[in-house]
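Asks: Got a structure for you, model37.cif, holding mmCIF, C-alpha atoms.
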```cif
data_structure
loop_
_atom_site.label_atom_id
_atom_site.label_comp_id
_atom_site.auth_asym_id
_atom_site.auth_seq_id
_atom_site.Cartn_x
_atom_site.Cartn_y
_atom_site.Cartn_z
CA MET A 761 0.00 0.00 0.00
CA ASP A 762 2.93 2.37 0.68
CA LYS A 763 3.91 2.46 -2.99
CA TYR A 764 0.36 3.34 -4.04
CA LEU A 765 0.18 6.15 -1.49
CA GLU A 766 3.50 7.37 -2.86
CA MET A 767 1.96 7.48 -6.34
CA ILE A 768 -0.79 9.73 -5.02
CA ARG A 769 1.82 12.03 -3.50
CA ILE A 770 3.96 12.13 -6.65
CA ARG A 771 1.01 12.92 -8.92
CA PHE A 772 -0.13 15.62 -6.49
CA LEU A 773 3.33 17.22 -6.56
CA MET A 774 3.47 16.99 -10.34
CA MET A 775 0.16 18.82 -10.61
CA LEU A 776 1.37 21.36 -8.04
CA ALA A 777 4.18 22.36 -10.40
CA TYR A 778 1.59 23.56 -12.92
CA ARG A 779 -0.98 24.99 -10.52
CA THR A 780 -1.11 28.32 -12.36
CA ASN A 781 -2.99 26.56 -15.16
CA TYR A 782 -5.73 25.66 -12.71
CA TYR A 783 -6.09 29.20 -11.45
CA SER A 784 -6.98 30.21 -15.00
CA GLY A 785 -9.27 27.19 -15.11
CA ILE A 786 -11.21 28.59 -12.14
CA LEU A 787 -11.91 31.71 -14.18
CA ILE A 788 -13.11 29.64 -17.15
CA TYR A 789 -15.38 27.51 -14.95
CA THR A 790 -16.75 30.64 -13.24
CA ILE A 791 -17.64 32.16 -16.61
CA ASN A 792 -19.22 28.87 -17.64
CA ILE A 793 -21.31 28.68 -14.46
CA GLY A 794 -22.27 32.32 -14.89
CA ALA A 795 -23.59 31.59 -18.38
CA TYR A 796 -25.72 28.74 -16.99
CA TYR A 797 -26.86 30.99 -14.13
CA PHE A 798 -28.33 33.59 -16.45
CA LEU A 799 -29.67 30.92 -18.80
CA TRP A 800 -31.59 29.10 -16.07
CA ASN A 801 -32.87 32.39 -14.62
CA ALA A 802 -34.30 33.15 -18.04
CA ILE A 803 -35.79 29.65 -18.37
CA TYR A 804 -37.47 29.83 -14.99
CA GLY A 805 -38.89 33.24 -15.84
CA GLY A 806 -40.29 33.87 -12.35
CA LYS A 807 -41.50 30.30 -11.76
CA GLU A 808 -40.95 29.05 -8.23
CA SER A 809 -39.73 25.64 -9.32
CA ILE A 810 -39.32 23.27 -12.26
CA GLN A 811 -39.20 19.51 -11.72
CA GLY A 812 -39.01 20.11 -7.98
CA LEU A 813 -35.96 22.41 -8.15
CA SER A 814 -36.09 26.10 -7.32
CA VAL A 815 -33.96 28.52 -9.30
CA ALA A 816 -31.56 28.78 -6.34
CA GLN A 817 -31.29 24.99 -6.16
CA MET A 818 -30.72 24.81 -9.90
CA THR A 819 -27.93 27.38 -9.70
CA THR A 820 -26.37 25.44 -6.84
CA TYR A 821 -26.75 22.20 -8.81
CA VAL A 822 -24.91 23.67 -11.80
CA ALA A 823 -22.10 25.13 -9.69
CA VAL A 824 -21.58 21.93 -7.71
CA ALA A 825 -21.75 19.77 -10.84
CA TRP A 826 -18.96 21.70 -12.54
CA MET A 827 -16.77 22.02 -9.46
CA ALA A 828 -17.25 18.34 -8.61
CA ARG A 829 -16.17 17.52 -12.17
CA ALA A 830 -12.77 18.97 -11.33
CA PHE A 831 -12.37 16.23 -8.71
CA TYR A 832 -13.63 13.15 -10.53
CA PHE A 833 -12.28 14.09 -13.97
CA ASN A 834 -8.97 12.58 -15.08
CA ASN A 835 -7.16 11.63 -18.28
CA ILE A 836 -5.92 8.17 -17.32
CA ASP A 837 -7.66 6.70 -20.38
CA ARG A 838 -5.48 8.87 -22.63
CA GLU A 839 -2.40 8.05 -20.57
CA ILE A 840 -3.06 4.33 -20.91
CA ALA A 841 -3.68 4.70 -24.64
CA MET A 842 -0.42 6.60 -25.12
CA GLU A 843 1.61 4.09 -23.11
CA ILE A 844 0.15 1.22 -25.14
CA ARG A 845 0.84 2.87 -28.49
CA GLU A 846 4.41 3.76 -27.50
CA GLY A 847 5.07 0.33 -25.97
CA ARG A 848 5.87 1.76 -22.54
CA VAL A 849 3.13 -0.34 -20.96
CA ALA A 850 5.39 -3.41 -21.31
CA VAL A 851 7.87 -1.83 -18.90
CA GLU A 852 5.07 -0.89 -16.51
CA LEU A 853 3.86 -4.49 -16.37
CA ILE A 854 7.16 -5.79 -15.01
CA ARG A 855 7.28 -3.26 -12.18
CA PRO A 856 6.28 -4.37 -8.66
CA TYR A 857 2.75 -2.99 -8.65
CA ASN A 858 -0.58 -3.50 -10.30
CA TYR A 859 -0.71 -1.35 -13.44
CA LEU A 860 -4.40 -0.49 -13.22
CA GLY A 861 -4.14 0.14 -9.49
CA MET A 862 -1.27 2.51 -10.15
CA LYS A 863 -3.36 4.43 -12.69
CA VAL A 864 -6.24 4.72 -10.23
CA MET A 865 -3.90 6.14 -7.57
CA GLN A 866 -2.46 8.62 -10.06
CA GLY A 867 -5.98 9.72 -10.93
CA LEU A 868 -6.77 10.09 -7.22
CA GLY A 869 -3.69 12.22 -6.67
CA GLU A 870 -4.78 14.44 -9.53
CA GLY A 871 -8.31 14.57 -8.15
CA ILE A 872 -7.14 15.60 -4.68
CA PHE A 873 -5.05 18.36 -6.21
CA ARG A 874 -7.96 19.63 -8.29
CA PHE A 875 -10.26 19.52 -5.28
CA VAL A 876 -7.89 21.56 -3.09
CA PHE A 877 -6.67 24.09 -5.65
CA PHE A 878 -9.64 24.20 -8.01
CA SER A 879 -12.95 23.08 -6.53
CA ILE A 880 -12.72 24.71 -3.10
CA PRO A 881 -11.50 28.18 -4.21
CA GLY A 882 -13.70 28.00 -7.30
CA MET A 883 -16.80 27.23 -5.25
CA PHE A 884 -15.97 30.07 -2.88
CA ILE A 885 -15.71 32.56 -5.74
CA VAL A 886 -18.90 31.32 -7.42
CA ALA A 887 -20.81 31.52 -4.11
CA LEU A 888 -19.81 35.18 -3.80
CA LEU A 889 -20.91 36.04 -7.34
CA PHE A 890 -24.16 34.10 -7.66
CA SER A 891 -27.12 33.18 -5.47
CA LEU A 892 -26.27 29.70 -4.30
CA THR A 893 -28.02 27.66 -1.63
CA ILE A 894 -25.14 26.35 0.47
CA THR A 895 -26.53 23.86 2.95
CA THR A 896 -25.49 23.93 6.59
CA ASN A 897 -26.78 20.41 7.18
CA VAL A 898 -23.80 18.31 8.24
CA GLN A 899 -25.54 15.11 7.16
CA THR A 900 -26.01 16.46 3.65
CA TRP A 901 -22.30 17.29 3.46
CA VAL A 902 -21.38 13.77 4.59
CA TYR A 903 -23.68 12.18 2.00
CA PHE A 904 -22.28 14.50 -0.65
CA PHE A 905 -18.65 13.56 0.02
CA ILE A 906 -19.52 9.84 0.09
CA SER A 907 -21.33 10.23 -3.22
CA LEU A 908 -18.43 12.25 -4.66
CA ILE A 909 -15.98 9.46 -3.85
CA PHE A 910 -18.13 6.98 -5.76
CA SER A 911 -18.34 9.48 -8.62
CA PHE A 912 -14.58 9.37 -8.87
CA ILE A 913 -14.52 5.56 -8.67
CA ILE A 914 -17.13 5.06 -11.41
CA ASN A 915 -15.68 7.70 -13.74
CA THR A 916 -12.21 6.20 -13.27
CA GLN A 917 -13.52 2.69 -13.96
CA ILE A 918 -15.07 3.89 -17.22
CA ASN A 919 -11.76 5.55 -18.11
CA LEU A 920 -9.89 2.30 -17.44
CA ILE A 921 -12.23 0.42 -19.76
CA THR A 922 -11.90 3.09 -22.46
CA GLY A 923 -8.13 3.18 -22.12
CA MET A 924 -7.80 -0.61 -22.32
CA MET A 925 -9.73 -0.61 -25.58
CA THR A 926 -6.47 0.62 -27.13
CA PHE A 927 -5.14 -2.94 -26.79
CA PHE A 928 -7.83 -4.04 -29.25
CA LEU A 929 -8.23 -0.95 -31.46
CA PHE A 930 -4.71 0.50 -31.12
CA ASN A 931 -6.08 3.97 -31.92
CA ASN A 932 -9.25 4.74 -30.00
CA ASP A 933 -9.13 8.55 -29.92
CA GLY A 934 -12.63 8.69 -31.38
CA LEU A 935 -13.95 6.35 -28.71
CA MET A 936 -12.40 8.43 -25.92
CA TYR A 937 -13.93 11.60 -27.35
CA ALA A 938 -17.33 9.93 -27.64
CA LYS A 939 -17.01 8.68 -24.06
CA ARG A 940 -16.35 12.20 -22.78
CA VAL A 941 -19.34 13.60 -24.65
CA MET A 942 -21.60 10.82 -23.34
CA ILE A 943 -20.51 11.39 -19.76
CA ASP A 944 -21.04 15.16 -19.96
CA LEU A 945 -24.46 14.68 -21.55
CA PHE A 946 -25.86 11.67 -19.70
CA SER A 947 -24.26 12.21 -16.29
CA GLY A 948 -26.42 15.25 -15.59
CA LEU A 949 -23.58 17.75 -15.93
CA LEU A 950 -25.25 19.77 -18.68
CA LEU A 951 -28.86 19.04 -17.72
CA PRO A 952 -30.33 17.32 -14.64
CA ILE A 953 -31.61 13.82 -15.39
CA SER A 954 -35.04 14.78 -14.01
CA PHE A 955 -35.43 17.24 -16.89
CA TYR A 956 -35.16 14.50 -19.52
CA PRO A 957 -38.28 12.81 -20.95
CA LEU A 958 -39.59 9.93 -18.84
CA TRP A 959 -38.54 7.33 -21.42
CA ALA A 960 -34.99 8.72 -21.40
CA GLN A 961 -34.87 8.66 -17.60
CA THR A 962 -35.95 5.02 -17.67
CA VAL A 963 -33.21 4.12 -20.16
CA MET A 964 -30.55 5.99 -18.14
CA LYS A 965 -31.31 3.86 -15.08
CA PHE A 966 -29.57 0.99 -16.89
CA PHE A 967 -26.33 2.96 -17.28
CA PRO A 968 -23.86 4.28 -14.67
CA PHE A 969 -23.56 7.81 -16.05
CA GLN A 970 -25.95 9.56 -13.64
CA ALA A 971 -23.89 8.18 -10.75
CA ILE A 972 -21.03 10.46 -11.83
CA SER A 973 -22.49 13.97 -11.66
CA TYR A 974 -26.26 13.98 -11.17
CA ILE A 975 -26.41 12.14 -7.83
CA PRO A 976 -23.78 14.15 -5.86
CA SER A 977 -25.08 17.43 -7.28
CA MET A 978 -28.68 16.60 -6.39
CA ILE A 979 -27.63 15.54 -2.89
CA PHE A 980 -25.76 18.80 -2.27
CA SER A 981 -28.55 20.99 -3.66
CA GLU A 982 -31.02 18.90 -1.61
CA GLY A 983 -32.98 18.05 -4.72
CA ILE A 984 -33.25 14.55 -3.26
CA LYS A 985 -33.74 13.87 0.45
CA GLY A 986 -34.37 11.14 2.97
CA GLU A 987 -34.53 7.58 1.69
CA ALA A 988 -33.94 8.76 -1.88
CA VAL A 989 -30.40 9.75 -0.88
CA TRP A 990 -29.59 6.24 0.30
CA ASN A 991 -31.14 4.74 -2.82
CA ALA A 992 -29.00 7.05 -4.96
CA ILE A 993 -25.80 6.14 -3.11
CA MET A 994 -26.67 2.44 -3.35
CA PHE A 995 -27.04 2.95 -7.10
CA GLN A 996 -23.46 4.22 -7.12
CA VAL A 997 -22.22 1.36 -4.94
CA ILE A 998 -23.84 -1.26 -7.19
CA TRP A 999 -22.31 0.21 -10.35
CA SER A 1000 -18.87 0.56 -8.77
CA VAL A 1001 -18.99 -3.17 -8.01
CA VAL A 1002 -20.53 -4.20 -11.36
CA LEU A 1003 -17.85 -2.38 -13.37
CA ILE A 1004 -15.09 -4.42 -11.71
CA LEU A 1005 -16.07 -7.47 -13.79
CA PRO A 1006 -15.59 -5.99 -17.29
CA ILE A 1007 -12.36 -4.36 -16.13
CA ALA A 1008 -10.98 -7.70 -14.89
CA VAL A 1009 -12.08 -9.55 -18.04
CA MET A 1010 -10.68 -6.89 -20.39
CA TRP A 1011 -7.39 -6.72 -18.49
CA ASN A 1012 -6.84 -10.46 -18.76
CA MET A 1013 -7.61 -10.36 -22.48
CA ALA A 1014 -5.53 -7.22 -23.01
CA LYS A 1015 -2.35 -8.65 -21.50
CA LYS A 1016 -2.52 -11.51 -23.99
CA ARG A 1017 -2.70 -9.02 -26.86
CA LEU A 1018 0.28 -6.97 -25.72
CA ILE A 1019 2.73 -8.85 -27.97
CA VAL A 1020 0.42 -8.32 -30.95
CA GLN A 1021 0.66 -4.57 -30.42
CA GLY A 1022 4.45 -4.74 -30.34
CA GLY A 1023 4.79 -3.80 -26.65
#
```
Translate the structure of the given file into structure tokens.
Replies:
Amino acid sequence: MDKYLEMIRIRFLMMLAYRTNYYSGILIYTINIGAYYFLWNAIYGGKESIQGLSVAQMTTYVAVAWMARAFYFNNIDREIAMEIREGRVAVELIRPYNYLGMKVMQGLGEGIFRFVFFSIPGMFIVALLFSLTITTNVQTWVYFFISLIFSFIINTQINLITGMMTFFLFNNDGLMYAKRVMIDLFSGLLLPISFYPLWAQTVMKFFPFQAISYIPSMIFSEGIKGEAVWNAIMFQVIWSVVLILPIAVMWNMAKKRLIVQGG
């Protein structure tokens, strides 16, 4: 475990060397949230609520969704793809650690850095500029952080699967781009799942995407409460366990194809 914790520390320090880039990112995210703020104010047009969310809750949902994205987002799928194409993955496989576990820890180190230097100061700035409903309920905060951890796990698992597809496709840049678009669209980042047509909501229940952004954002904005919170977190838990199977199967198949790719 010590070597995996060291990977988290090393990735954190690597990101720290380029922290100025993330300060500019806070500005970009703030402008983005501001655009959504004025858009949703126009859509509400004086209405008290839409789909059970007030305009203040919707603004909070948008802000939290984008700031949470800074934590769970990572590029380990592109890193895996690059290492496979360049043959460096062969060297990684003979080192005394699990390759996929190492990638997860690197993603976690990056996520911790983003959370400390991006999400927290960014949320503070956004809260000063726009009318957000910041809950003081300690229980809500606890549920939110638990949900956020599972958001990271599920998003990282999807990235591992996408990255490992390079073993079979060799060049899967298009697949990685499509994956990113699908996550942004179907995770609830751009539009809450409750705003989709009923048939679309039903279909989305069979996919893990809403577990990435929609659930933690709805928990924080208190768009879901009580037993619904536990059901939502259990949805995340189930998917985080289910996704282990395709990862294990793909990894076993991928290692056998490494020679074919010239690694």
Asks: Mind telling me what the PyMOL selection byres ((chain A and resi 995) around 12) catches here, as a PyMOL selection string?
Replies: chain A and resi 907+910-911+914+964-972+974-976+988-994+996-1002
Asks: Distance atom CA of A:Leu888-atom CA of A:Gly869, one decimal place?
Replies: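 Pair atom CA of A:Leu888 / atom CA of A:Gly869 returns 28.2 Å.
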Asks: Please provide as a PyMOL selection string all residues within 8 Å of A:Ala830, with the sequence filter that same-chain residues fewer than 6 positions apart are discarded (counting only C-alpha atoms).
Replies: chain A and resi 871+874-875+878-879
Asks: Print the selection's residues with C-alpha atoms to a file, as a short mmCIF file (atom, residue, chain, number, x, y, z; two decimals), in the frame of the given file.
Replies:
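Just written: selection05.cif:
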```cif
data_model
loop_
_atom_site.label_atom_id
_atom_site.label_comp_id
_atom_site.auth_asym_id
_atom_site.auth_seq_id
_atom_site.Cartn_x
_atom_site.Cartn_y
_atom_site.Cartn_z
CA GLY A 871 -8.31 14.57 -8.15
CA ARG A 874 -7.96 19.63 -8.29
CA PHE A 875 -10.26 19.52 -5.28
CA PHE A 878 -9.64 24.20 -8.01
CA SER A 879 -12.95 23.08 -6.53
#
```
Asks: To one decimal in Å, tell me the separation between atom CA of A:Phe930 and atom CA of A:Met865.
Replies: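 We find that atom CA of A:Phe930 and atom CA of A:Met865 lie 24.2 Å from each other.
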Asks: Could you tell me, as a list in words, exactly which residues end up selected when the PyMOL selection byres ((chain A and resi 819) around 9) is applied to this structure?
Replies: Ile793, Tyr796, Tyr797, Trp800, Asn801, Ser814, Val815, Ala816, Gln817, Met818, Thr820, Tyr821, Val822, Ala823, Val824, Phe890, Ser891, Leu892, Thr893 and Ser981 of chain A
Asks: Residues as selected, C-alpha atoms, written as a PDB file, in the frame of the given file, can you do that?
Replies:
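This went into again.pdb:
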```pdb
ATOM      1  CA  ILE A 793     -21.310  28.680 -14.460  1.00  0.00           C
ATOM      2  CA  TYR A 796     -25.720  28.740 -16.990  1.00  0.00           C
ATOM      3  CA  TYR A 797     -26.860  30.990 -14.130  1.00  0.00           C
ATOM      4  CA  TRP A 800     -31.590  29.100 -16.070  1.00  0.00           C
ATOM      5  CA  ASN A 801     -32.870  32.390 -14.620  1.00  0.00           C
ATOM      6  CA  SER A 814     -36.090  26.100  -7.320  1.00  0.00           C
ATOM      7  CA  VAL A 815     -33.960  28.520  -9.300  1.00  0.00           C
ATOM      8  CA  ALA A 816     -31.560  28.780  -6.340  1.00  0.00           C
ATOM      9  CA  GLN A 817     -31.290  24.990  -6.160  1.00  0.00           C
ATOM     10  CA  MET A 818     -30.720  24.810  -9.900  1.00  0.00           C
ATOM     11  CA  THR A 820     -26.370  25.440  -6.840  1.00  0.00           C
ATOM     12  CA  TYR A 821     -26.750  22.200  -8.810  1.00  0.00           C
ATOM     13  CA  VAL A 822     -24.910  23.670 -11.800  1.00  0.00           C
ATOM     14  CA  ALA A 823     -22.100  25.130  -9.690  1.00  0.00           C
ATOM     15  CA  VAL A 824     -21.580  21.930  -7.710  1.00  0.00           C
ATOM     16  CA  PHE A 890     -24.160  34.100  -7.660  1.00  0.00           C
ATOM     17  CA  SER A 891     -27.120  33.180  -5.470  1.00  0.00           C
ATOM     18  CA  LEU A 892     -26.270  29.700  -4.300  1.00  0.00           C
ATOM     19  CA  THR A 893     -28.020  27.660  -1.630  1.00  0.00           C
ATOM     20  CA  SER A 981     -28.550  20.990  -3.660  1.00  0.00           C
TER      21      SER A 981
END
```
Asks: Using all atoms listed in the file, find each residue of stretch 807-913 of chain A with at least one atom at most 7 Å away from an atom of stretch 946-961 of chain A; report its shortest atom-to-atom pair and that distance in Å (one decimal), sort the rows by chain and rising residue number, and return the result as a tab-separated table.
Replies:
```
residue	atom	partner	partner_atom	distance
A:Gln811	CA	A:Ser954	CA	6.7
A:Ala825	CA	A:Leu949	CA	5.8
A:Trp826	CA	A:Leu949	CA	7.0
```
Asks: Using only C-alpha atoms, which of the listed residues (A:Thr962, A:Ser977, A:Asn835, A:Gln866) sits closest to A:Gly923?
Replies: A:Asn835
Asks: Mind giving me the straight-line distance from atom CA of A:Tyr778 to atom CA of A:Phe877 in Å, one decimal?
Replies: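 These two atoms are separated by 11.0 Å.
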Asks: List every protein, DNA or RNA residue that has at least one atom no more than 12 Å from (0.0, 10.7, -2.2) in the file's coordinates, counting only C-alpha atoms, and write the result as a VMD selection string.
Replies: chain A and resid 761 to 775 862 864 to 873
Asks: Closest to A:Met1010 among A:Ile921, A:Met842, A:Ile979, A:Val941, using only C-alpha atoms?
Replies: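 Looking at the shortest contact to A:Met1010, the residue is A:Ile921.
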Asks: So that all listed atoms of stretch 918-930 of chain A fit with 6 Å spare on each side, what axis-aligned box centre and edge lengths in Å, to one decimal, would you give as lines of an AutoDock Vina configuration file?
Replies:
```
center_x = -9.9
center_y = 0.8
center_z = -24.3
size_x = 22.4
size_y = 21.6
size_z = 26.2
```
Asks: Please enumerate the residues selected by the PyMOL selection byres ((chain A and resi 1007) around 10) when evaluated against the supplied file, formatted as a list in words.
Replies: Leu860, Gln917, Ile918, Leu920, Ile921, Thr922, Met924, Val1002, Leu1003, Ile1004, Leu1005, Pro1006, Ala1008, Val1009, Met1010, Trp1011, Asn1012 and Met1013 of chain A
Asks: Point out the residue among A:Ile854, A:Leu799, A:Met883, A:Val849 with the least atom-to-atom distance to A:Leu787, counting all atoms listed in the file.
Replies: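 Smallest distance to A:Leu787 is found for A:Met883.
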